[in-house]
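Text of my_file_28.cif, listed as mmCIF, C-alpha atoms (C1' of nucleotides):
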```
data_final
loop_
_atom_site.label_atom_id
_atom_site.label_comp_id
_atom_site.auth_asym_id
_atom_site.auth_seq_id
_atom_site.Cartn_x
_atom_site.Cartn_y
_atom_site.Cartn_z
CA MET A 1 10.55 -0.77 -16.39
CA ALA A 2 11.63 -4.42 -16.30
CA LEU A 3 12.72 -4.14 -12.68
CA PHE A 4 9.49 -2.48 -11.57
CA LYS A 5 7.38 -5.09 -13.34
CA GLU A 6 9.40 -8.02 -12.01
CA GLN A 7 9.96 -6.93 -8.44
CA GLY A 8 7.32 -4.29 -7.79
CA TYR A 9 7.74 -0.77 -6.47
CA GLU A 10 9.16 -1.38 -3.04
CA LYS A 11 11.71 -4.03 -3.85
CA THR A 12 13.08 -2.01 -6.74
CA SER A 13 15.61 0.45 -5.32
CA MET A 14 16.73 3.56 -7.14
CA SER A 15 20.27 2.18 -6.89
CA SER A 16 19.30 -1.00 -8.72
CA VAL A 17 17.59 0.99 -11.48
CA ALA A 18 20.68 3.17 -11.76
CA LYS A 19 22.95 0.16 -11.90
CA ALA A 20 20.82 -1.42 -14.65
CA ALA A 21 21.01 1.87 -16.55
CA GLY A 22 24.76 2.12 -16.03
CA VAL A 23 24.68 5.44 -14.20
CA ALA A 24 25.12 6.71 -10.66
CA ALA A 25 22.06 6.54 -8.40
CA ASN A 26 21.50 10.27 -8.23
CA THR A 27 21.61 10.63 -12.00
CA ILE A 28 18.00 9.38 -12.11
CA TYR A 29 16.98 12.58 -10.37
CA TRP A 30 18.04 14.59 -13.38
CA TYR A 31 15.23 12.90 -15.33
CA TYR A 32 12.64 12.14 -12.64
CA ALA A 33 11.76 14.20 -9.59
CA ASN A 34 11.49 11.13 -7.36
CA LYS A 35 10.69 7.43 -7.23
CA ASP A 36 6.94 7.95 -7.63
CA ASP A 37 7.58 10.02 -10.74
CA LEU A 38 9.57 7.14 -12.14
CA LEU A 39 6.72 4.76 -11.33
CA ILE A 40 4.30 6.99 -13.23
CA ALA A 41 6.57 6.93 -16.25
CA VAL A 42 6.56 3.13 -16.18
CA LEU A 43 2.78 3.02 -15.78
CA ASN A 44 2.26 5.36 -18.71
CA ARG A 45 4.41 3.20 -20.94
CA GLU A 46 2.44 0.18 -19.78
CA VAL A 47 -0.90 1.79 -20.57
CA MET A 48 0.28 2.96 -23.98
CA GLN A 49 1.29 -0.57 -24.81
CA ALA A 50 -1.76 -2.34 -23.38
CA MET A 51 -4.72 -0.14 -24.24
CA PRO A 52 -4.41 -0.24 -28.05
CA GLN A 53 -4.65 -4.03 -27.89
CA VAL A 54 -7.90 -3.79 -25.97
CA ILE A 55 -9.36 -1.09 -28.17
CA ALA A 56 -8.40 -3.04 -31.29
CA MET A 57 -10.78 -5.86 -30.32
CA GLN A 58 -13.74 -3.63 -30.99
CA ASN A 59 -16.08 -6.27 -32.39
CA ALA A 60 -15.05 -9.13 -30.13
CA PRO A 61 -17.49 -10.34 -27.46
CA LEU A 62 -17.53 -8.21 -24.30
CA THR A 63 -16.31 -11.05 -22.09
CA GLU A 64 -13.20 -11.52 -24.18
CA ARG A 65 -12.41 -7.83 -24.20
CA VAL A 66 -12.62 -7.64 -20.43
CA LEU A 67 -10.43 -10.73 -20.12
CA LYS A 68 -7.93 -9.15 -22.49
CA LEU A 69 -7.83 -6.01 -20.37
CA ILE A 70 -7.19 -8.05 -17.23
CA GLU A 71 -4.56 -10.18 -18.95
CA GLN A 72 -2.68 -7.09 -20.15
CA PHE A 73 -2.41 -5.45 -16.76
CA GLU A 74 -1.88 -8.69 -14.89
CA SER A 75 1.34 -9.10 -16.85
CA SER A 76 2.66 -5.96 -15.19
CA GLY A 77 2.86 -7.88 -11.95
CA SER A 78 1.94 -6.13 -8.72
CA LEU A 79 2.17 -2.68 -10.28
CA MET A 80 -1.56 -2.05 -9.92
CA THR A 81 -1.44 -2.98 -6.25
CA ASP A 82 1.60 -0.74 -5.91
CA VAL A 83 -0.39 2.14 -7.35
CA HIS A 84 -3.05 1.72 -4.68
CA SER A 85 -0.47 1.58 -1.94
CA ARG A 86 1.23 4.78 -3.15
CA VAL A 87 -2.00 6.76 -3.66
CA SER A 88 -2.01 8.07 -0.11
CA HIS A 89 1.68 9.00 -0.15
CA SER A 90 2.11 10.72 -3.49
CA GLU A 91 -0.05 13.28 -5.27
CA VAL A 92 1.36 12.35 -8.69
CA VAL A 93 0.34 8.74 -8.16
CA ARG A 94 -3.07 9.79 -6.83
CA ASN A 95 -3.73 11.88 -9.93
CA TRP A 96 -2.61 9.08 -12.23
CA HIS A 97 -4.79 6.58 -10.39
CA ASP A 98 -7.87 8.81 -10.65
CA ARG A 99 -7.39 9.32 -14.37
CA PHE A 100 -6.80 5.62 -14.96
CA HIS A 101 -9.90 4.79 -13.00
CA GLN A 102 -11.97 7.21 -15.03
CA MET A 103 -10.64 5.72 -18.23
CA VAL A 104 -11.59 2.14 -17.36
CA GLU A 105 -14.95 3.25 -16.01
CA GLN A 106 -15.68 5.30 -19.12
CA LEU A 107 -14.70 2.35 -21.29
CA SER A 108 -17.04 0.12 -19.31
CA VAL A 109 -19.90 2.60 -19.57
CA SER A 110 -19.75 2.80 -23.33
CA GLU A 111 -19.43 -0.98 -23.60
CA LEU A 112 -22.46 -1.54 -21.40
CA ILE A 113 -24.52 1.00 -23.36
CA LYS A 114 -23.46 -0.74 -26.55
CA ALA A 115 -24.72 -3.96 -24.96
CA GLY A 116 -28.16 -2.44 -24.52
CA LEU A 117 -28.21 -0.81 -21.07
CA GLU A 118 -29.67 2.61 -20.39
CA PRO A 119 -27.02 5.30 -19.68
CA ALA A 120 -28.27 5.92 -16.13
CA ALA A 121 -27.93 2.28 -15.05
CA ALA A 122 -24.76 1.79 -17.09
CA GLN A 123 -22.89 4.27 -14.87
CA LEU A 124 -23.45 2.25 -11.70
CA ASP A 125 -22.89 -1.05 -13.46
CA ALA A 126 -19.59 0.24 -14.78
CA ARG A 127 -18.50 1.04 -11.25
CA LEU A 128 -19.25 -2.52 -10.19
CA MET A 129 -17.41 -3.82 -13.24
CA VAL A 130 -14.31 -1.79 -12.40
CA TYR A 131 -14.27 -3.14 -8.85
CA VAL A 132 -14.58 -6.69 -10.12
CA ILE A 133 -11.70 -6.13 -12.54
CA GLU A 134 -9.61 -4.63 -9.75
CA GLY A 135 -10.45 -7.57 -7.53
CA LEU A 136 -9.38 -10.01 -10.21
CA LEU A 137 -6.12 -8.10 -10.69
CA ALA A 138 -5.38 -7.86 -6.98
CA HIS A 139 -5.79 -11.55 -6.22
CA PRO A 140 -4.27 -14.65 -7.78
CA HIS A 141 -6.64 -16.67 -9.97
CA THR A 142 -6.48 -19.52 -12.39
CA MET A 143 -7.49 -18.75 -15.95
CA GLU A 144 -10.72 -20.74 -15.44
CA GLU A 145 -11.68 -18.80 -12.33
CA ARG A 146 -11.14 -15.51 -14.11
CA VAL A 147 -13.32 -16.55 -17.03
CA GLN A 148 -15.96 -17.84 -14.67
CA VAL A 149 -16.07 -14.67 -12.58
CA VAL A 150 -16.13 -12.32 -15.58
CA GLU A 151 -18.87 -14.29 -17.33
CA HIS A 152 -20.89 -14.46 -14.15
CA ALA A 153 -20.50 -10.72 -13.53
CA LEU A 154 -21.42 -9.74 -17.08
CA GLY A 155 -24.33 -12.18 -16.95
CA LYS A 156 -25.69 -10.37 -13.93
CA LEU A 157 -25.11 -6.90 -15.33
CA VAL A 158 -26.28 -6.96 -18.94
CA MET B 159 -2.70 0.51 17.03
CA ALA B 160 -3.62 4.22 16.98
CA LEU B 161 -0.52 5.10 14.99
CA PHE B 162 -1.12 2.38 12.40
CA LYS B 163 -4.74 3.39 11.96
CA GLU B 164 -3.95 7.11 11.70
CA GLN B 165 -0.84 7.02 9.55
CA GLY B 166 -0.91 3.65 7.85
CA TYR B 167 1.77 0.98 7.75
CA GLU B 168 4.55 2.75 5.93
CA LYS B 169 4.45 6.10 7.68
CA THR B 170 4.43 4.44 11.09
CA SER B 171 8.01 3.67 12.03
CA MET B 172 8.98 1.14 14.64
CA SER B 173 10.75 4.01 16.45
CA SER B 174 7.54 6.04 16.69
CA VAL B 175 5.62 3.03 18.04
CA ALA B 176 8.38 2.47 20.58
CA LYS B 177 8.37 6.11 21.60
CA ALA B 178 4.58 6.05 22.06
CA ALA B 179 4.99 2.93 24.19
CA GLY B 180 7.79 4.49 26.19
CA VAL B 181 10.40 1.88 25.35
CA ALA B 182 13.48 1.59 23.16
CA ALA B 183 12.90 0.75 19.50
CA ASN B 184 14.34 -2.74 19.68
CA THR B 185 12.20 -3.66 22.68
CA ILE B 186 9.29 -4.22 20.27
CA TYR B 187 11.19 -7.18 18.85
CA TRP B 188 10.87 -8.97 22.16
CA TYR B 189 7.09 -9.12 21.57
CA TYR B 190 6.82 -9.16 17.76
CA ALA B 191 9.12 -10.81 15.27
CA ASN B 192 8.99 -7.87 12.86
CA LYS B 193 6.88 -4.98 11.61
CA ASP B 194 4.50 -7.22 9.65
CA ASP B 195 3.87 -9.27 12.77
CA LEU B 196 2.94 -6.09 14.58
CA LEU B 197 0.58 -5.18 11.75
CA ILE B 198 -1.15 -8.55 12.06
CA ALA B 199 -1.63 -8.00 15.79
CA VAL B 200 -3.31 -4.66 15.04
CA LEU B 201 -5.49 -6.23 12.34
CA ASN B 202 -6.61 -9.02 14.65
CA ARG B 203 -7.63 -6.53 17.31
CA GLU B 204 -9.50 -4.58 14.66
CA VAL B 205 -11.38 -7.65 13.43
CA MET B 206 -12.26 -8.73 16.94
CA GLN B 207 -13.74 -5.33 17.61
CA ALA B 208 -15.56 -4.91 14.30
CA MET B 209 -16.99 -8.33 13.47
CA PRO B 210 -19.23 -8.77 16.54
CA GLN B 211 -20.99 -5.52 15.61
CA VAL B 212 -21.73 -6.87 12.15
CA ILE B 213 -22.83 -10.28 13.37
CA ALA B 214 -25.06 -8.68 16.01
CA MET B 215 -27.22 -7.11 13.27
CA GLN B 216 -28.50 -10.53 12.31
CA ASN B 217 -32.05 -9.53 11.46
CA ALA B 218 -31.26 -6.16 9.88
CA PRO B 219 -31.68 -5.77 6.10
CA LEU B 220 -28.76 -7.09 4.06
CA THR B 221 -27.88 -3.67 2.65
CA GLU B 222 -27.44 -2.22 6.11
CA ARG B 223 -25.30 -5.08 7.26
CA VAL B 224 -22.96 -4.69 4.31
CA LEU B 225 -22.79 -0.95 4.90
CA LYS B 226 -21.98 -1.61 8.56
CA LEU B 227 -19.16 -3.93 7.56
CA ILE B 228 -17.70 -1.31 5.23
CA GLU B 229 -18.09 1.43 7.80
CA GLN B 230 -16.26 -0.61 10.44
CA PHE B 231 -13.21 -1.32 8.33
CA GLU B 232 -13.18 2.06 6.68
CA SER B 233 -12.58 3.54 10.13
CA SER B 234 -9.28 1.68 10.25
CA GLY B 235 -7.96 4.02 7.58
CA SER B 236 -5.74 2.64 4.87
CA LEU B 237 -5.01 -0.56 6.80
CA MET B 238 -6.85 -2.74 4.28
CA THR B 239 -4.88 -1.23 1.42
CA ASP B 240 -1.74 -1.74 3.46
CA VAL B 241 -2.58 -5.42 3.80
CA HIS B 242 -2.78 -5.78 0.04
CA SER B 243 0.52 -4.02 -0.44
CA ARG B 244 2.27 -6.26 2.10
CA VAL B 245 0.81 -9.53 0.79
CA SER B 246 3.63 -10.08 -1.66
CA HIS B 247 6.36 -9.22 0.85
CA SER B 248 5.30 -11.13 3.95
CA GLU B 249 3.98 -14.63 4.38
CA VAL B 250 2.30 -13.78 7.70
CA VAL B 251 0.35 -11.01 6.03
CA ARG B 252 -0.49 -13.23 3.06
CA ASN B 253 -1.92 -15.91 5.37
CA TRP B 254 -3.91 -13.35 7.31
CA HIS B 255 -5.26 -11.83 4.12
CA ASP B 256 -6.37 -15.20 2.78
CA ARG B 257 -8.19 -16.09 5.97
CA PHE B 258 -9.84 -12.69 6.14
CA HIS B 259 -10.95 -13.04 2.55
CA GLN B 260 -12.44 -16.44 3.22
CA MET B 261 -14.28 -15.11 6.21
CA VAL B 262 -15.94 -12.24 4.33
CA GLU B 263 -16.73 -14.52 1.40
CA GLN B 264 -18.22 -17.17 3.67
CA LEU B 265 -20.29 -14.51 5.40
CA SER B 266 -21.54 -13.29 2.03
CA VAL B 267 -22.38 -16.80 0.86
CA SER B 268 -24.58 -17.55 3.86
CA GLU B 269 -26.24 -14.15 3.60
CA LEU B 270 -27.03 -14.66 -0.07
CA ILE B 271 -28.42 -18.14 0.57
CA LYS B 272 -30.53 -16.70 3.35
CA ALA B 273 -31.78 -14.17 0.79
CA GLY B 274 -33.00 -16.99 -1.42
CA LEU B 275 -30.13 -17.83 -3.80
CA GLU B 276 -29.07 -21.37 -4.63
CA PRO B 277 -25.75 -22.41 -3.04
CA ALA B 278 -24.02 -22.89 -6.41
CA ALA B 279 -24.77 -19.37 -7.64
CA ALA B 280 -24.26 -17.86 -4.20
CA GLN B 281 -20.57 -18.80 -4.27
CA LEU B 282 -19.83 -16.73 -7.37
CA ASP B 283 -22.09 -13.90 -6.27
CA ALA B 284 -20.27 -13.76 -2.96
CA ARG B 285 -16.98 -13.36 -4.81
CA LEU B 286 -18.39 -10.40 -6.71
CA MET B 287 -19.74 -8.95 -3.48
CA VAL B 288 -16.33 -9.19 -1.81
CA TYR B 289 -14.69 -7.36 -4.71
CA VAL B 290 -17.30 -4.61 -4.57
CA ILE B 291 -16.74 -4.23 -0.84
CA GLU B 292 -12.99 -4.10 -1.36
CA GLY B 293 -13.44 -1.52 -4.08
CA LEU B 294 -15.56 0.63 -1.81
CA LEU B 295 -12.95 0.34 0.94
CA ALA B 296 -10.04 1.12 -1.36
CA HIS B 297 -11.49 4.29 -2.85
CA PRO B 298 -12.92 7.43 -1.24
CA HIS B 299 -16.71 7.73 -1.44
CA THR B 300 -19.43 9.89 0.01
CA MET B 301 -21.95 8.11 2.21
CA GLU B 302 -24.57 8.47 -0.55
CA GLU B 303 -22.33 6.89 -3.17
CA ARG B 304 -21.63 3.95 -0.90
CA VAL B 305 -25.32 3.36 -0.25
CA GLN B 306 -26.08 3.71 -3.94
CA VAL B 307 -23.41 1.25 -5.03
CA VAL B 308 -24.25 -1.36 -2.38
CA GLU B 309 -27.99 -1.17 -3.11
CA HIS B 310 -27.34 -1.40 -6.83
CA ALA B 311 -25.01 -4.38 -6.39
CA LEU B 312 -27.37 -6.26 -4.12
CA GLY B 313 -30.25 -5.43 -6.46
CA LYS B 314 -28.38 -7.10 -9.30
CA LEU B 315 -27.33 -10.12 -7.26
CA VAL B 316 -30.37 -11.23 -5.26
"C1'" DA C 317 12.13 -12.52 31.45
"C1'" DC C 318 12.53 -8.12 29.77
"C1'" DC C 319 14.96 -4.01 28.16
"C1'" DT C 320 18.84 -1.25 26.28
"C1'" DG C 321 22.77 1.32 23.43
"C1'" DA C 322 25.18 0.74 19.70
"C1'" DA C 323 25.78 -0.86 15.44
"C1'" DC C 324 24.52 -2.79 10.60
"C1'" DA C 325 23.00 -2.64 6.06
"C1'" DC C 326 20.11 -0.53 3.72
"C1'" DC C 327 16.89 3.41 1.72
"C1'" DG C 328 15.40 7.80 -1.10
"C1'" DT C 329 17.16 12.16 -1.76
"C1'" DT C 330 20.25 16.50 -1.80
"C1'" DC C 331 24.16 19.25 -2.88
"C1'" DA C 332 28.23 21.05 -4.40
"C1'" DA C 333 31.41 20.02 -7.79
"C1'" DG C 334 32.80 18.32 -12.16
"C1'" DT C 335 32.67 18.18 -17.61
"C1'" DA D 336 23.07 19.95 -20.22
"C1'" DC D 337 24.27 15.97 -17.93
"C1'" DC D 338 26.64 13.20 -14.48
"C1'" DT D 339 29.17 12.21 -10.14
"C1'" DG D 340 31.01 11.23 -5.06
"C1'" DA D 341 29.90 12.19 -0.81
"C1'" DA D 342 26.87 13.10 2.51
"C1'" DC D 343 22.18 13.37 5.04
"C1'" DA D 344 18.42 11.73 7.54
"C1'" DC D 345 16.08 8.17 7.85
"C1'" DC D 346 14.59 2.92 8.01
"C1'" DG D 347 13.87 -2.09 10.00
"C1'" DT D 348 16.54 -5.20 12.36
"C1'" DT D 349 20.42 -7.58 15.10
"C1'" DC D 350 23.46 -8.42 18.86
"C1'" DA D 351 25.86 -8.41 22.90
"C1'" DA D 352 25.26 -6.68 27.28
"C1'" DG D 353 22.62 -5.34 31.19
"C1'" DT D 354 19.05 -6.19 35.20
#
```
What's the structure tokens form of this structure?
Amino acid sequence: MALFKEQGYEKTSMSSVAKAAGVAANTIYWYYANKDDLLIAVLNREVMQAMPQVIAMQNAPLTERVLKLIEQFESSGSLMTDVHSRVSHSEVVRNWHDRFHQMVEQLSVSELIKAGLEPAAAQLDARLMVYVIEGLLAHPHTMEERVQVVEHALGKLV
Amino acid sequence: MALFKEQGYEKTSMSSVAKAAGVAANTIYWYYANKDDLLIAVLNREVMQAMPQVIAMQNAPLTERVLKLIEQFESSGSLMTDVHSRVSHSEVVRNWHDRFHQMVEQLSVSELIKAGLEPAAAQLDARLMVYVIEGLLAHPHTMEERVQVVEHALGKLV
DNA sequence: ACCTGAACACCGTTCAAGT
DNA sequence: ACCTGAACACCGTTCAAGT
């Protein structure tokens, strides 16, 4: 997990993971079908650690919750970009990506409804929100820029 | 160029490009420093073919111009996703990506100003617009969904 | 200037064999 | 059930040698 988060998917070889685990390279295949399967395992751990922290902020302002979400997954380095780049090569990754996308979108929908939007409009707004979040995760930003963009986006939406 | 567009960066080996060109694999290195350099060459060709078509629609409605832009680069398959996944590995790709980003953002800024926004706000709106476009390019959508999302986004922004 | 065969140092993955 | 050494089929890239 540390290696994937530090170096990303491609630069992390199965051999290096094996070495860090103190086993032979092919031993990994006893536990995971392939490298993408291992990536999914890392992603799931990451989600299980990050999401509770976001959900716990239930009565914080919307802007801060969104920033928290971004902050959590930004700390996992290029893993989110890696997911996108593996989507077309691996069905496991594609399925994980779709479910993750639905989760964030669903979370956004309920937040936007809570903020006063009508359900019909909230669906499309949530989609926009997800793309903005992805954009912020995919590109380097200063803290100020992030805050600025999120506040501006939410200002336009709600 | 055909191979990259059809199969994407990773699945297109230097050997297969060489075979298609009727030369030995290492001959490519006489013309391009490495695989990322070759990718950039393909991307530049793609931009030079796509952008004029977008710029030519100068007096078409904004929605249609954005949809045209998306349509053009969607036809280059997963190349835009590939760019993002190579950004952290290759400086050439990172530079290209940054310039491309600036171009689309600059285009959006001037469009939004033309639509009546003030320059200060247009800058941030353009950023949002770019992320929405990237999101639409990165994920599969039906034509209707694309139209819906773009119209909704522009409705919120201008 | 342009192209090649052969090699290098990797890579993810498989398989038969061990305990 | 769990782990291994050895091999397989690739990969991008380099280098010395050809014309």
Residues matched by the PyMOL selection byres ((chain A and resi 122) around 9), written as a ChimeraX atom specification = /A:108-113,117-121,123-127,157
Residues of chain C that have any atom at most 12 Å from an atom of stretch 336-340 of chain D: could you tabulate them with the shortest-distance atom pair and the distance in Å to one decimal, using only C-alpha atoms (C1' of nucleotides), ordered by chain and increasing number, as CSV?
```
residue,atom,partner,partner_atom,distance
C:DC331,C1',D:DG340,C1',10.8
C:DA332,C1',D:DG340,C1',10.2
C:DA333,C1',D:DT339,C1',8.5
C:DG334,C1',D:DT339,C1',7.4
C:DT335,C1',D:DC338,C1',8.4
```
inquiry  = Given the PyMOL selection byres ((chain C) within 12 of (chain A)) and the file above, list the residues it selects as a VMD selection string.
reply    = chain C and resid 326 to 331
query = Given a cut-off of 6 Å, which residues of chain B touch chain A, counting all atoms listed in the file, written out as a list in words?
reply =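 Contact residues on the first chain: Ser243, Tyr289, Val290 and Gly293 of chain B.
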task = Figure out the distance between atom CA of A:Val104 and atom CA of A:Lys68, please, to one decimal in Å.
result =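 Atom-to-atom, atom CA of A:Lys68 and atom CA of A:Val104 are spaced 12.9 Å apart.
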request  = Quick one: apply the PyMOL selection byres ((chain B and resi 222) around 12) to the file and drop the selected residues here as a PyMOL selection string.
outcome  = chain B and resi 211-213+215-221+223-229+304-306+308-309+312
inquiry  = Excluding stretch 39-43 of chain A and its own-chain neighbours fewer than 5 positions away, which residues fall within 8 Å of it when counting only C-alpha atoms (C1' of nucleotides)? Please give them as a list in words.
reply    = Met1, Phe4, Tyr9, Leu79, Val92, Val93 and Trp96 of chain A
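Reported to one decimal place, the separation of atom CA of B:Phe258 from atom CA of B:Met206 is 11.8 Å.
A straight line drawn from atom CA of B:Val175 to atom CA of B:Leu161 is 7.2 Å long.
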ask   = Which polymer residues have any atom within 12 Å of an atom of A:Arg45, counting all atoms listed in the file, with same-chain residues fewer than 6 positions away left out, as a ChimeraX atom specification?
value = /A:1-2,5,38-39,51-52,73,76
Residues of the last selection are to be written out with C-alpha atoms, as an mmCIF file, in the frame of the given file.
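Contents of part-v2.cif, freshly written:
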```cif
data_model
loop_
_atom_site.group_PDB
_atom_site.id
_atom_site.type_symbol
_atom_site.label_atom_id
_atom_site.label_comp_id
_atom_site.auth_asym_id
_atom_site.auth_seq_id
_atom_site.Cartn_x
_atom_site.Cartn_y
_atom_site.Cartn_z
ATOM 1 C CA MET A 1 10.550 -0.770 -16.390
ATOM 2 C CA ALA A 2 11.630 -4.420 -16.300
ATOM 3 C CA LYS A 5 7.380 -5.090 -13.340
ATOM 4 C CA LEU A 38 9.570 7.140 -12.140
ATOM 5 C CA LEU A 39 6.720 4.760 -11.330
ATOM 6 C CA MET A 51 -4.720 -0.140 -24.240
ATOM 7 C CA PRO A 52 -4.410 -0.240 -28.050
ATOM 8 C CA PHE A 73 -2.410 -5.450 -16.760
ATOM 9 C CA SER A 76 2.660 -5.960 -15.190
#
```
message = Using all atoms listed in the file, can you tell me which of B:Glu249, B:Glu164, B:Asp195, B:Glu204 comes closest to B:Gln230?
response =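 Nearest to B:Gln230: B:Glu204.
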